[in-house]
Each structure stands twice: as C-alpha cells, then as structure tokens.
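Participant: Here's a structure for you.
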Amino acid sequence: VQPNTSPTTTITNTTTTVTSNVVSATNPLESTVMVVLPDCGYMGSGTIISKLGFILTNEHVISDDGTFCNDYIVILTSESGEKDPVPEYIAEIVEQSVALDIAILEIIGTYDGSPLPKVFKNMCVGDSDLVSQGDNLLIWGYPDVRWVNFDTPGRIDVSQGFVSGFDAETGLSEKAWISLSSTISSGNSGGGAYNELGKLVGVPTAVFQGNLSSRGLLRPMNLVLDYFDSFYFESCK
C-alpha cells in the first residue's frame with residue numbers, strides 16, 4: 001500500500017436517494033476483493049458495492065506514483081478462506097477523493113477474457129450514524145501484504161473490534177472517523193466494516209503513526225455518501 005500522493009479530485013455532492021430492488025450478498029466473502037496494481041507493485045482490499053460492478057476502496061490503494069502504473073488494475077476474488085484468491089476482473093478508476101482517501105472503481109472486463117456476469121454479488125450499505133461506542137464490528141479484507149505475484153497474494157481474513165470512539169477531521173465532519181479498539185493492517189485498507197446485521201458501515205483505512213503502526217480507523221459510509229453519487233451504491237432494505 002502506497003501513501004497518498006494523488007492530486008485532489010473534486011467530487012460533486014448529490015442528493016440522489018440510494019435505492020435497490022436487488023438482493024445483495026449476505027456473505028462478505030463473496031464481495032470482498034483484492035485490488036492489485038501489478039505495474040505499481042502494491043495492493044489493498046475493496047468491496048463490491050453494486051450489482052453493476054462498482055468497487056469501493058481507499059484512494060491510496062490505487063494512487064498513481066507518477067508513472068501511470070494505476071492504468072492496469074486487477075481484481076482478485078476468493079472462493080473461501082482456505083484458498084488463495086485468484087485474478088478474475090480488470091477494473092478502472094471512476095471517482096476518487098484524496099481528502100476522504102476513498103476511490104470507486106468499475107469492473108470493465110474479466111482477467112481471462114470471458115464474458116462478464118450480468119450482475120455482481122454486492123454488499124449493501126447501512127446507516128453508519130447508528131454505530132455507537134461499544135458496538136462490535138467485523139472487518140473483512142486482505143491484511144497480509146506480501147504481494148510478489150499472483151501465486152502468493154495472501155488470503156482473505158476477517159477480524160473483530162469494538163467501537164472505541166469517533167474522531168473529527170477539520171473540513172470534513174465531527175464524525176469523520178470511527179475508531180476501533182484494534183489496529184488495522186495496511187492490506188485491509190479499502191475493505192469493509194460490518195455491523196451485527198451484516199451491513200457495510202465503514203471503510204477500514206490504514207492511517208500510519210510515527211512508529212509505522214496503523215490506528216484502527218474506519219471512514220463512515222454516511223460520510224462517503226455525502227461526497228459520492230449514490231448511483232454507485234445499494235442500500236440495505
């Protein structure tokens with residue numbers, strides 16, 4: 001995972017209502033993906049958030065290092081936690097915000113050239129304003145950052161932490177971060193945080209401290225929806 005170096009992209013706010021008549025996936029295993037930039041040599045996690053194939057991740061996961069290495073993005077999926085993820089899709093960047101450290105990708109093709117599925121298994125978005133101190137959240141992602149090639153990418157993982165508090169960020173919100181009791185591995189950046197109902201309520205984001213450890217911080221989904229068109233997301237029923 002690379003540090004934030006991309007130029008800021010302005011995102012137009014919208015008042016579109018999030019609606020969906022499609023049943024979303026109930027198992028994050030089906031929608032949590034590994035986002036790999038082979039030409040950059042780094043990776044992170046992501047979540048499929050729409051049946052149309054949009055993926056939510058951190059901006060720093062797909063940031064450009066000045067060599068346009070993020071023109072080629074491969075999406076890996078897992079059949080189970082007992083097997084290595086395999087390259088399945090090709091994606092491109094649709095929207096990004098350096099301020100939020102959030103990006104949206106779109107699946108545009110398959111890795112092997114086969115036809116794309118008509119719909120994708122996605123996770124639905126819950127109301128992060130309902131998250132309270134003491135709540136237990138599940139974190140899905142790919143924490144083992146040992147990207148060398150597609151033969152040794154690291155397996156999907158789920159961990160748990162309770163909400164210890166909320167952090168403000170100047171210019172964004174008084175509730176710009178959900179703070180967890182546990183740290184977040186850099187590979188989990190861009191993955192998903194789920195409440196007890198299995199609703200996506202936050203994006204795990206590795207924010208490094210001076211000792212290079214990462215605080216357990218989540219970007220609340222309601223804040224993400226304030227900055228990105230809700231066309232990309234599907235709400236929980």
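Following the order of the structure tokens, first chain is A, next is B, and so on, with residues numbered from 1 inside each chain and ligands from 1 in the order they appear.
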Apply DSSP to the structure's backbone, then extract all residues of chain A labelled helix (DSSP H, G or I) and return them as a PyMOL selection string.
Facilitator: chain A and resi 28-30+59-61+69-71+128-130+186-188+221-227+230-232
Participant: Can I get the selection written as a CSV table (one decimal), in the first residue's frame, with C-alpha atoms?
Facilitator:
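Now in result21.csv:
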```csv
chain,number,residue,atom,x,y,z
A,28,PRO,CA,-18.8,-10.5,2.7
A,29,LEU,CA,-16.6,-13.3,1.3
A,30,GLU,CA,-18.5,-13.0,-2.0
A,59,GLU,CA,-7.7,6.3,-2.7
A,60,HIS,CA,-4.2,5.5,-1.5
A,61,VAL,CA,-4.6,1.9,-2.7
A,69,CYS,CA,1.1,2.5,-13.1
A,70,ASN,CA,-2.6,2.6,-12.0
A,71,ASP,CA,-3.8,2.3,-15.6
A,128,SER,CA,-23.2,4.5,9.9
A,129,ASP,CA,-24.8,7.1,12.1
A,130,LEU,CA,-26.4,4.2,14.0
A,186,SER,CA,-2.3,-1.9,5.8
A,187,GLY,CA,-3.6,-4.7,3.5
A,188,ASN,CA,-7.1,-4.3,5.0
A,221,MET,CA,-20.3,5.2,5.0
A,222,ASN,CA,-22.6,8.1,5.5
A,223,LEU,CA,-19.7,10.5,5.0
A,224,VAL,CA,-18.7,8.6,1.8
A,225,LEU,CA,-22.3,9.0,0.6
A,226,ASP,CA,-22.1,12.8,1.2
A,227,TYR,CA,-19.3,13.1,-1.3
A,230,SER,CA,-25.2,7.3,-4.5
A,231,PHE,CA,-25.8,5.7,-8.0
A,232,TYR,CA,-22.6,3.7,-7.2
```
Participant: Which residues are close to stretch 136-140 of chain A, i.e. within 7 Å by only C-alpha atoms, leaving aside same-chain residues fewer than 6 positions away? Reply as a PyMOL selection string.
Facilitator: chain A and resi 32+157-163+191-196
Participant: From a backbone DSSP assignment, name each residue in stretch 73-184 of chain A labelled strand (DSSP E), as a PDB file with N, CA, C and O atoms, in the first residue's frame.
Facilitator:
```pdb
ATOM      1  N   ILE A  73      -5.438  -2.306 -13.379  1.00  0.00           N
ATOM      2  CA  ILE A  73      -5.871  -2.747 -12.058  1.00  0.00           C
ATOM      3  C   ILE A  73      -6.534  -4.111 -12.175  1.00  0.00           C
ATOM      4  O   ILE A  73      -7.484  -4.291 -12.947  1.00  0.00           O
ATOM      5  N   VAL A  74      -6.014  -5.074 -11.425  1.00  0.00           N
ATOM      6  CA  VAL A  74      -6.543  -6.433 -11.437  1.00  0.00           C
ATOM      7  C   VAL A  74      -7.292  -6.690 -10.136  1.00  0.00           C
ATOM      8  O   VAL A  74      -6.808  -6.339  -9.053  1.00  0.00           O
ATOM      9  N   ILE A  75      -8.455  -7.303 -10.242  1.00  0.00           N
ATOM     10  CA  ILE A  75      -9.293  -7.609  -9.085  1.00  0.00           C
ATOM     11  C   ILE A  75      -9.273  -9.114  -8.839  1.00  0.00           C
ATOM     12  O   ILE A  75      -9.599  -9.900  -9.725  1.00  0.00           O
ATOM     13  N   LEU A  76      -8.861  -9.503  -7.634  1.00  0.00           N
ATOM     14  CA  LEU A  76      -8.826 -10.900  -7.246  1.00  0.00           C
ATOM     15  C   LEU A  76      -9.999 -11.205  -6.321  1.00  0.00           C
ATOM     16  O   LEU A  76     -10.401 -10.362  -5.506  1.00  0.00           O
ATOM     17  N   THR A  77     -10.549 -12.411  -6.433  1.00  0.00           N
ATOM     18  CA  THR A  77     -11.646 -12.842  -5.577  1.00  0.00           C
ATOM     19  C   THR A  77     -11.285 -14.158  -4.903  1.00  0.00           C
ATOM     20  O   THR A  77     -10.405 -14.887  -5.365  1.00  0.00           O
ATOM     21  N   VAL A  86      -7.825 -15.531  -6.606  1.00  0.00           N
ATOM     22  CA  VAL A  86      -7.401 -15.670  -7.997  1.00  0.00           C
ATOM     23  C   VAL A  86      -7.799 -14.424  -8.781  1.00  0.00           C
ATOM     24  O   VAL A  86      -8.820 -13.796  -8.491  1.00  0.00           O
ATOM     25  N   PRO A  87      -7.000 -14.031  -9.773  1.00  0.00           N
ATOM     26  CA  PRO A  87      -7.370 -12.867 -10.593  1.00  0.00           C
ATOM     27  C   PRO A  87      -8.607 -13.167 -11.420  1.00  0.00           C
ATOM     28  O   PRO A  87      -8.675 -14.180 -12.102  1.00  0.00           O
ATOM     29  N   GLU A  88      -9.597 -12.279 -11.328  1.00  0.00           N
ATOM     30  CA  GLU A  88     -10.862 -12.528 -12.013  1.00  0.00           C
ATOM     31  C   GLU A  88     -11.306 -11.381 -12.901  1.00  0.00           C
ATOM     32  O   GLU A  88     -11.878 -11.611 -13.970  1.00  0.00           O
ATOM     33  N   TYR A  89     -11.057 -10.129 -12.484  1.00  0.00           N
ATOM     34  CA  TYR A  89     -11.562  -8.993 -13.234  1.00  0.00           C
ATOM     35  C   TYR A  89     -10.475  -7.953 -13.499  1.00  0.00           C
ATOM     36  O   TYR A  89      -9.439  -7.932 -12.843  1.00  0.00           O
ATOM     37  N   ILE A  90     -10.781  -7.077 -14.452  1.00  0.00           N
ATOM     38  CA  ILE A  90      -9.990  -5.876 -14.708  1.00  0.00           C
ATOM     39  C   ILE A  90     -10.878  -4.675 -14.376  1.00  0.00           C
ATOM     40  O   ILE A  90     -12.071  -4.663 -14.708  1.00  0.00           O
ATOM     41  N   ALA A  91     -10.308  -3.680 -13.699  1.00  0.00           N
ATOM     42  CA  ALA A  91     -11.103  -2.523 -13.288  1.00  0.00           C
ATOM     43  C   ALA A  91     -10.404  -1.230 -13.661  1.00  0.00           C
ATOM     44  O   ALA A  91      -9.202  -1.212 -13.955  1.00  0.00           O
ATOM     45  N   GLU A  92     -11.167  -0.147 -13.649  1.00  0.00           N
ATOM     46  CA  GLU A  92     -10.615   1.177 -13.873  1.00  0.00           C
ATOM     47  C   GLU A  92     -11.170   2.141 -12.835  1.00  0.00           C
ATOM     48  O   GLU A  92     -12.218   1.900 -12.233  1.00  0.00           O
ATOM     49  N   ILE A  93     -10.461   3.247 -12.621  1.00  0.00           N
ATOM     50  CA  ILE A  93     -10.867   4.243 -11.645  1.00  0.00           C
ATOM     51  C   ILE A  93     -12.000   5.096 -12.214  1.00  0.00           C
ATOM     52  O   ILE A  93     -11.904   5.597 -13.330  1.00  0.00           O
ATOM     53  N   VAL A  94     -13.063   5.262 -11.429  1.00  0.00           N
ATOM     54  CA  VAL A  94     -14.199   6.075 -11.841  1.00  0.00           C
ATOM     55  C   VAL A  94     -14.192   7.419 -11.117  1.00  0.00           C
ATOM     56  O   VAL A  94     -14.356   8.471 -11.727  1.00  0.00           O
ATOM     57  N   GLU A  95     -14.043   7.373  -9.799  1.00  0.00           N
ATOM     58  CA  GLU A  95     -14.022   8.582  -8.970  1.00  0.00           C
ATOM     59  C   GLU A  95     -12.992   8.394  -7.866  1.00  0.00           C
ATOM     60  O   GLU A  95     -12.737   7.268  -7.424  1.00  0.00           O
ATOM     61  N   GLN A  96     -12.424   9.491  -7.383  1.00  0.00           N
ATOM     62  CA  GLN A  96     -11.513   9.411  -6.246  1.00  0.00           C
ATOM     63  C   GLN A  96     -11.472  10.739  -5.510  1.00  0.00           C
ATOM     64  O   GLN A  96     -11.666  11.795  -6.102  1.00  0.00           O
ATOM     65  N   SER A  97     -11.242  10.647  -4.216  1.00  0.00           N
ATOM     66  CA  SER A  97     -11.124  11.824  -3.373  1.00  0.00           C
ATOM     67  C   SER A  97      -9.941  11.629  -2.428  1.00  0.00           C
ATOM     68  O   SER A  97      -9.964  10.724  -1.579  1.00  0.00           O
ATOM     69  N   ILE A 102     -10.833   7.937  -0.419  1.00  0.00           N
ATOM     70  CA  ILE A 102     -11.814   6.987  -0.935  1.00  0.00           C
ATOM     71  C   ILE A 102     -11.777   7.019  -2.458  1.00  0.00           C
ATOM     72  O   ILE A 102     -11.630   8.087  -3.065  1.00  0.00           O
ATOM     73  N   ALA A 103     -11.920   5.847  -3.070  1.00  0.00           N
ATOM     74  CA  ALA A 103     -11.991   5.758  -4.527  1.00  0.00           C
ATOM     75  C   ALA A 103     -13.051   4.744  -4.918  1.00  0.00           C
ATOM     76  O   ALA A 103     -13.353   3.813  -4.159  1.00  0.00           O
ATOM     77  N   ILE A 104     -13.612   4.935  -6.092  1.00  0.00           N
ATOM     78  CA  ILE A 104     -14.573   3.995  -6.657  1.00  0.00           C
ATOM     79  C   ILE A 104     -14.025   3.491  -7.988  1.00  0.00           C
ATOM     80  O   ILE A 104     -13.612   4.280  -8.845  1.00  0.00           O
ATOM     81  N   LEU A 105     -14.011   2.178  -8.129  1.00  0.00           N
ATOM     82  CA  LEU A 105     -13.575   1.529  -9.357  1.00  0.00           C
ATOM     83  C   LEU A 105     -14.781   0.901 -10.048  1.00  0.00           C
ATOM     84  O   LEU A 105     -15.807   0.654  -9.422  1.00  0.00           O
ATOM     85  N   GLU A 106     -14.614   0.623 -11.326  1.00  0.00           N
ATOM     86  CA  GLU A 106     -15.647  -0.105 -12.064  1.00  0.00           C
ATOM     87  C   GLU A 106     -15.014  -1.298 -12.753  1.00  0.00           C
ATOM     88  O   GLU A 106     -13.982  -1.171 -13.418  1.00  0.00           O
ATOM     89  N   ILE A 107     -15.639  -2.458 -12.592  1.00  0.00           N
ATOM     90  CA  ILE A 107     -15.184  -3.652 -13.308  1.00  0.00           C
ATOM     91  C   ILE A 107     -15.547  -3.506 -14.771  1.00  0.00           C
ATOM     92  O   ILE A 107     -16.715  -3.289 -15.112  1.00  0.00           O
ATOM     93  N   ILE A 108     -14.544  -3.605 -15.637  1.00  0.00           N
ATOM     94  CA  ILE A 108     -14.776  -3.382 -17.067  1.00  0.00           C
ATOM     95  C   ILE A 108     -14.483  -4.617 -17.921  1.00  0.00           C
ATOM     96  O   ILE A 108     -14.751  -4.615 -19.127  1.00  0.00           O
ATOM     97  N   GLY A 109     -13.950  -5.667 -17.322  1.00  0.00           N
ATOM     98  CA  GLY A 109     -13.646  -6.863 -18.086  1.00  0.00           C
ATOM     99  C   GLY A 109     -13.196  -7.978 -17.174  1.00  0.00           C
ATOM    100  O   GLY A 109     -13.009  -7.794 -15.968  1.00  0.00           O
ATOM    101  N   THR A 110     -13.035  -9.160 -17.753  1.00  0.00           N
ATOM    102  CA  THR A 110     -12.534 -10.299 -16.991  1.00  0.00           C
ATOM    103  C   THR A 110     -11.054 -10.492 -17.272  1.00  0.00           C
ATOM    104  O   THR A 110     -10.534 -10.097 -18.326  1.00  0.00           O
ATOM    105  N   ASN A 136     -19.717  -4.015  18.299  1.00  0.00           N
ATOM    106  CA  ASN A 136     -18.742  -4.903  17.677  1.00  0.00           C
ATOM    107  C   ASN A 136     -18.895  -4.871  16.165  1.00  0.00           C
ATOM    108  O   ASN A 136     -20.016  -4.959  15.651  1.00  0.00           O
ATOM    109  N   LEU A 137     -17.792  -4.707  15.462  1.00  0.00           N
ATOM    110  CA  LEU A 137     -17.797  -4.687  14.002  1.00  0.00           C
ATOM    111  C   LEU A 137     -16.851  -5.761  13.475  1.00  0.00           C
ATOM    112  O   LEU A 137     -15.821  -6.051  14.093  1.00  0.00           O
ATOM    113  N   LEU A 138     -17.215  -6.332  12.340  1.00  0.00           N
ATOM    114  CA  LEU A 138     -16.362  -7.300  11.656  1.00  0.00           C
ATOM    115  C   LEU A 138     -15.640  -6.604  10.516  1.00  0.00           C
ATOM    116  O   LEU A 138     -16.244  -5.851   9.749  1.00  0.00           O
ATOM    117  N   ILE A 139     -14.345  -6.859  10.401  1.00  0.00           N
ATOM    118  CA  ILE A 139     -13.513  -6.251   9.369  1.00  0.00           C
ATOM    119  C   ILE A 139     -13.082  -7.319   8.380  1.00  0.00           C
ATOM    120  O   ILE A 139     -12.421  -8.288   8.755  1.00  0.00           O
ATOM    121  N   TRP A 140     -13.457  -7.130   7.119  1.00  0.00           N
ATOM    122  CA  TRP A 140     -13.089  -8.071   6.056  1.00  0.00           C
ATOM    123  C   TRP A 140     -12.063  -7.426   5.127  1.00  0.00           C
ATOM    124  O   TRP A 140     -12.192  -6.254   4.774  1.00  0.00           O
ATOM    125  N   GLY A 141     -11.078  -8.212   4.739  1.00  0.00           N
ATOM    126  CA  GLY A 141     -10.070  -7.708   3.813  1.00  0.00           C
ATOM    127  C   GLY A 141      -8.932  -8.685   3.632  1.00  0.00           C
ATOM    128  O   GLY A 141      -9.036  -9.869   3.995  1.00  0.00           O
ATOM    129  N   ASP A 157      -9.271 -12.470   5.094  1.00  0.00           N
ATOM    130  CA  ASP A 157      -9.280 -12.604   6.545  1.00  0.00           C
ATOM    131  C   ASP A 157     -10.433 -11.780   7.116  1.00  0.00           C
ATOM    132  O   ASP A 157     -10.833 -10.772   6.535  1.00  0.00           O
ATOM    133  N   VAL A 158     -10.945 -12.231   8.246  1.00  0.00           N
ATOM    134  CA  VAL A 158     -11.958 -11.462   8.964  1.00  0.00           C
ATOM    135  C   VAL A 158     -11.504 -11.306  10.411  1.00  0.00           C
ATOM    136  O   VAL A 158     -11.014 -12.245  11.027  1.00  0.00           O
ATOM    137  N   SER A 159     -11.615 -10.092  10.926  1.00  0.00           N
ATOM    138  CA  SER A 159     -11.233  -9.812  12.304  1.00  0.00           C
ATOM    139  C   SER A 159     -12.361  -9.022  12.970  1.00  0.00           C
ATOM    140  O   SER A 159     -13.330  -8.612  12.319  1.00  0.00           O
ATOM    141  N   GLN A 160     -12.232  -8.808  14.273  1.00  0.00           N
ATOM    142  CA  GLN A 160     -13.286  -8.142  15.025  1.00  0.00           C
ATOM    143  C   GLN A 160     -12.706  -7.067  15.924  1.00  0.00           C
ATOM    144  O   GLN A 160     -11.593  -7.181  16.427  1.00  0.00           O
ATOM    145  N   GLY A 161     -13.458  -6.007  16.102  1.00  0.00           N
ATOM    146  CA  GLY A 161     -13.057  -4.955  17.025  1.00  0.00           C
ATOM    147  C   GLY A 161     -14.287  -4.210  17.498  1.00  0.00           C
ATOM    148  O   GLY A 161     -15.312  -4.203  16.817  1.00  0.00           O
ATOM    149  N   PHE A 162     -14.201  -3.607  18.675  1.00  0.00           N
ATOM    150  CA  PHE A 162     -15.338  -2.819  19.139  1.00  0.00           C
ATOM    151  C   PHE A 162     -15.054  -1.333  18.943  1.00  0.00           C
ATOM    152  O   PHE A 162     -13.900  -0.903  18.909  1.00  0.00           O
ATOM    153  N   VAL A 163     -16.119  -0.570  18.772  1.00  0.00           N
ATOM    154  CA  VAL A 163     -16.004   0.863  18.521  1.00  0.00           C
ATOM    155  C   VAL A 163     -15.588   1.550  19.819  1.00  0.00           C
ATOM    156  O   VAL A 163     -16.312   1.513  20.819  1.00  0.00           O
ATOM    157  N   SER A 164     -14.417   2.173  19.801  1.00  0.00           N
ATOM    158  CA  SER A 164     -13.918   2.840  21.000  1.00  0.00           C
ATOM    159  C   SER A 164     -14.251   4.332  21.031  1.00  0.00           C
ATOM    160  O   SER A 164     -14.227   4.956  22.087  1.00  0.00           O
ATOM    161  N   GLY A 165     -14.551   4.907  19.862  1.00  0.00           N
ATOM    162  CA  GLY A 165     -14.886   6.328  19.831  1.00  0.00           C
ATOM    163  C   GLY A 165     -15.005   6.845  18.411  1.00  0.00           C
ATOM    164  O   GLY A 165     -15.027   6.073  17.452  1.00  0.00           O
ATOM    165  N   PHE A 166     -15.058   8.171  18.286  1.00  0.00           N
ATOM    166  CA  PHE A 166     -15.209   8.824  16.989  1.00  0.00           C
ATOM    167  C   PHE A 166     -14.266  10.019  16.930  1.00  0.00           C
ATOM    168  O   PHE A 166     -14.111  10.739  17.918  1.00  0.00           O
ATOM    169  N   ASP A 167     -13.654  10.228  15.780  1.00  0.00           N
ATOM    170  CA  ASP A 167     -12.703  11.318  15.603  1.00  0.00           C
ATOM    171  C   ASP A 167     -13.232  12.332  14.599  1.00  0.00           C
ATOM    172  O   ASP A 167     -13.835  11.960  13.582  1.00  0.00           O
ATOM    173  N   ALA A 168     -12.986  13.601  14.877  1.00  0.00           N
ATOM    174  CA  ALA A 168     -13.334  14.670  13.936  1.00  0.00           C
ATOM    175  C   ALA A 168     -12.172  14.906  12.986  1.00  0.00           C
ATOM    176  O   ALA A 168     -11.034  14.514  13.246  1.00  0.00           O
ATOM    177  N   GLU A 169     -12.464  15.540  11.872  1.00  0.00           N
ATOM    178  CA  GLU A 169     -11.432  15.950  10.929  1.00  0.00           C
ATOM    179  C   GLU A 169     -11.825  17.307  10.364  1.00  0.00           C
ATOM    180  O   GLU A 169     -12.918  17.459   9.799  1.00  0.00           O
ATOM    181  N   SER A 173     -15.937  16.526   8.915  1.00  0.00           N
ATOM    182  CA  SER A 173     -17.068  16.194   9.767  1.00  0.00           C
ATOM    183  C   SER A 173     -16.613  16.036  11.207  1.00  0.00           C
ATOM    184  O   SER A 173     -15.436  15.758  11.476  1.00  0.00           O
ATOM    185  N   GLU A 174     -17.548  16.213  12.132  1.00  0.00           N
ATOM    186  CA  GLU A 174     -17.281  15.914  13.529  1.00  0.00           C
ATOM    187  C   GLU A 174     -17.210  14.406  13.761  1.00  0.00           C
ATOM    188  O   GLU A 174     -16.694  13.944  14.773  1.00  0.00           O
ATOM    189  N   LYS A 175     -17.745  13.643  12.819  1.00  0.00           N
ATOM    190  CA  LYS A 175     -17.695  12.184  12.887  1.00  0.00           C
ATOM    191  C   LYS A 175     -17.044  11.677  11.603  1.00  0.00           C
ATOM    192  O   LYS A 175     -17.642  10.972  10.816  1.00  0.00           O
ATOM    193  N   ALA A 176     -15.794  12.099  11.405  1.00  0.00           N
ATOM    194  CA  ALA A 176     -15.075  11.757  10.182  1.00  0.00           C
ATOM    195  C   ALA A 176     -14.461  10.372  10.238  1.00  0.00           C
ATOM    196  O   ALA A 176     -14.137   9.786   9.200  1.00  0.00           O
ATOM    197  N   TRP A 177     -14.270   9.853  11.454  1.00  0.00           N
ATOM    198  CA  TRP A 177     -13.666   8.532  11.629  1.00  0.00           C
ATOM    199  C   TRP A 177     -14.397   7.775  12.722  1.00  0.00           C
ATOM    200  O   TRP A 177     -14.794   8.349  13.732  1.00  0.00           O
ATOM    201  N   ILE A 178     -14.532   6.481  12.520  1.00  0.00           N
ATOM    202  CA  ILE A 178     -14.940   5.559  13.573  1.00  0.00           C
ATOM    203  C   ILE A 178     -13.669   4.889  14.071  1.00  0.00           C
ATOM    204  O   ILE A 178     -12.916   4.314  13.283  1.00  0.00           O
ATOM    205  N   SER A 179     -13.401   5.004  15.357  1.00  0.00           N
ATOM    206  CA  SER A 179     -12.173   4.448  15.922  1.00  0.00           C
ATOM    207  C   SER A 179     -12.444   3.082  16.526  1.00  0.00           C
ATOM    208  O   SER A 179     -13.401   2.903  17.284  1.00  0.00           O
ATOM    209  N   LEU A 180     -11.577   2.102  16.189  1.00  0.00           N
ATOM    210  CA  LEU A 180     -11.718   0.743  16.697  1.00  0.00           C
ATOM    211  C   LEU A 180     -10.731   0.471  17.822  1.00  0.00           C
ATOM    212  O   LEU A 180      -9.705   1.134  17.958  1.00  0.00           O
TER     213      LEU A 180
END
```
Participant: Determine the nearest neighbour of A:Ser50 from the options A:Asp151, A:Glu234, A:Asp84, A:Asp144, counting only C-alpha atoms.
Facilitator: A:Glu234
Participant: Which one of A:Pro85, A:Leu100, A:Ser132, A:Asp64 sits closest to A:Phe150 if you count only C-alpha atoms?
Facilitator: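 Of the candidates, the smallest distance to A:Phe150 is held by A:Pro85.
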Participant: Which residue is closest to A:Val125? Choose from A:Thr57, A:Thr47, A:Thr205, A:Ser182 and count only C-alpha atoms.
Facilitator: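 Answer, going by the shortest atom-to-atom distance: A:Thr47.
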Participant: Please, what distance in Å, to one decimal, runs between atom CA of A:Asp127 and atom CA of A:Asp101?
Facilitator: 19.6 Å
Participant: Interatomic distance between atom CA of A:Val201 and atom CA of A:Ile49?
Facilitator: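 For atom CA of A:Val201 relative to atom CA of A:Ile49, the distance reads 11.7 Å.
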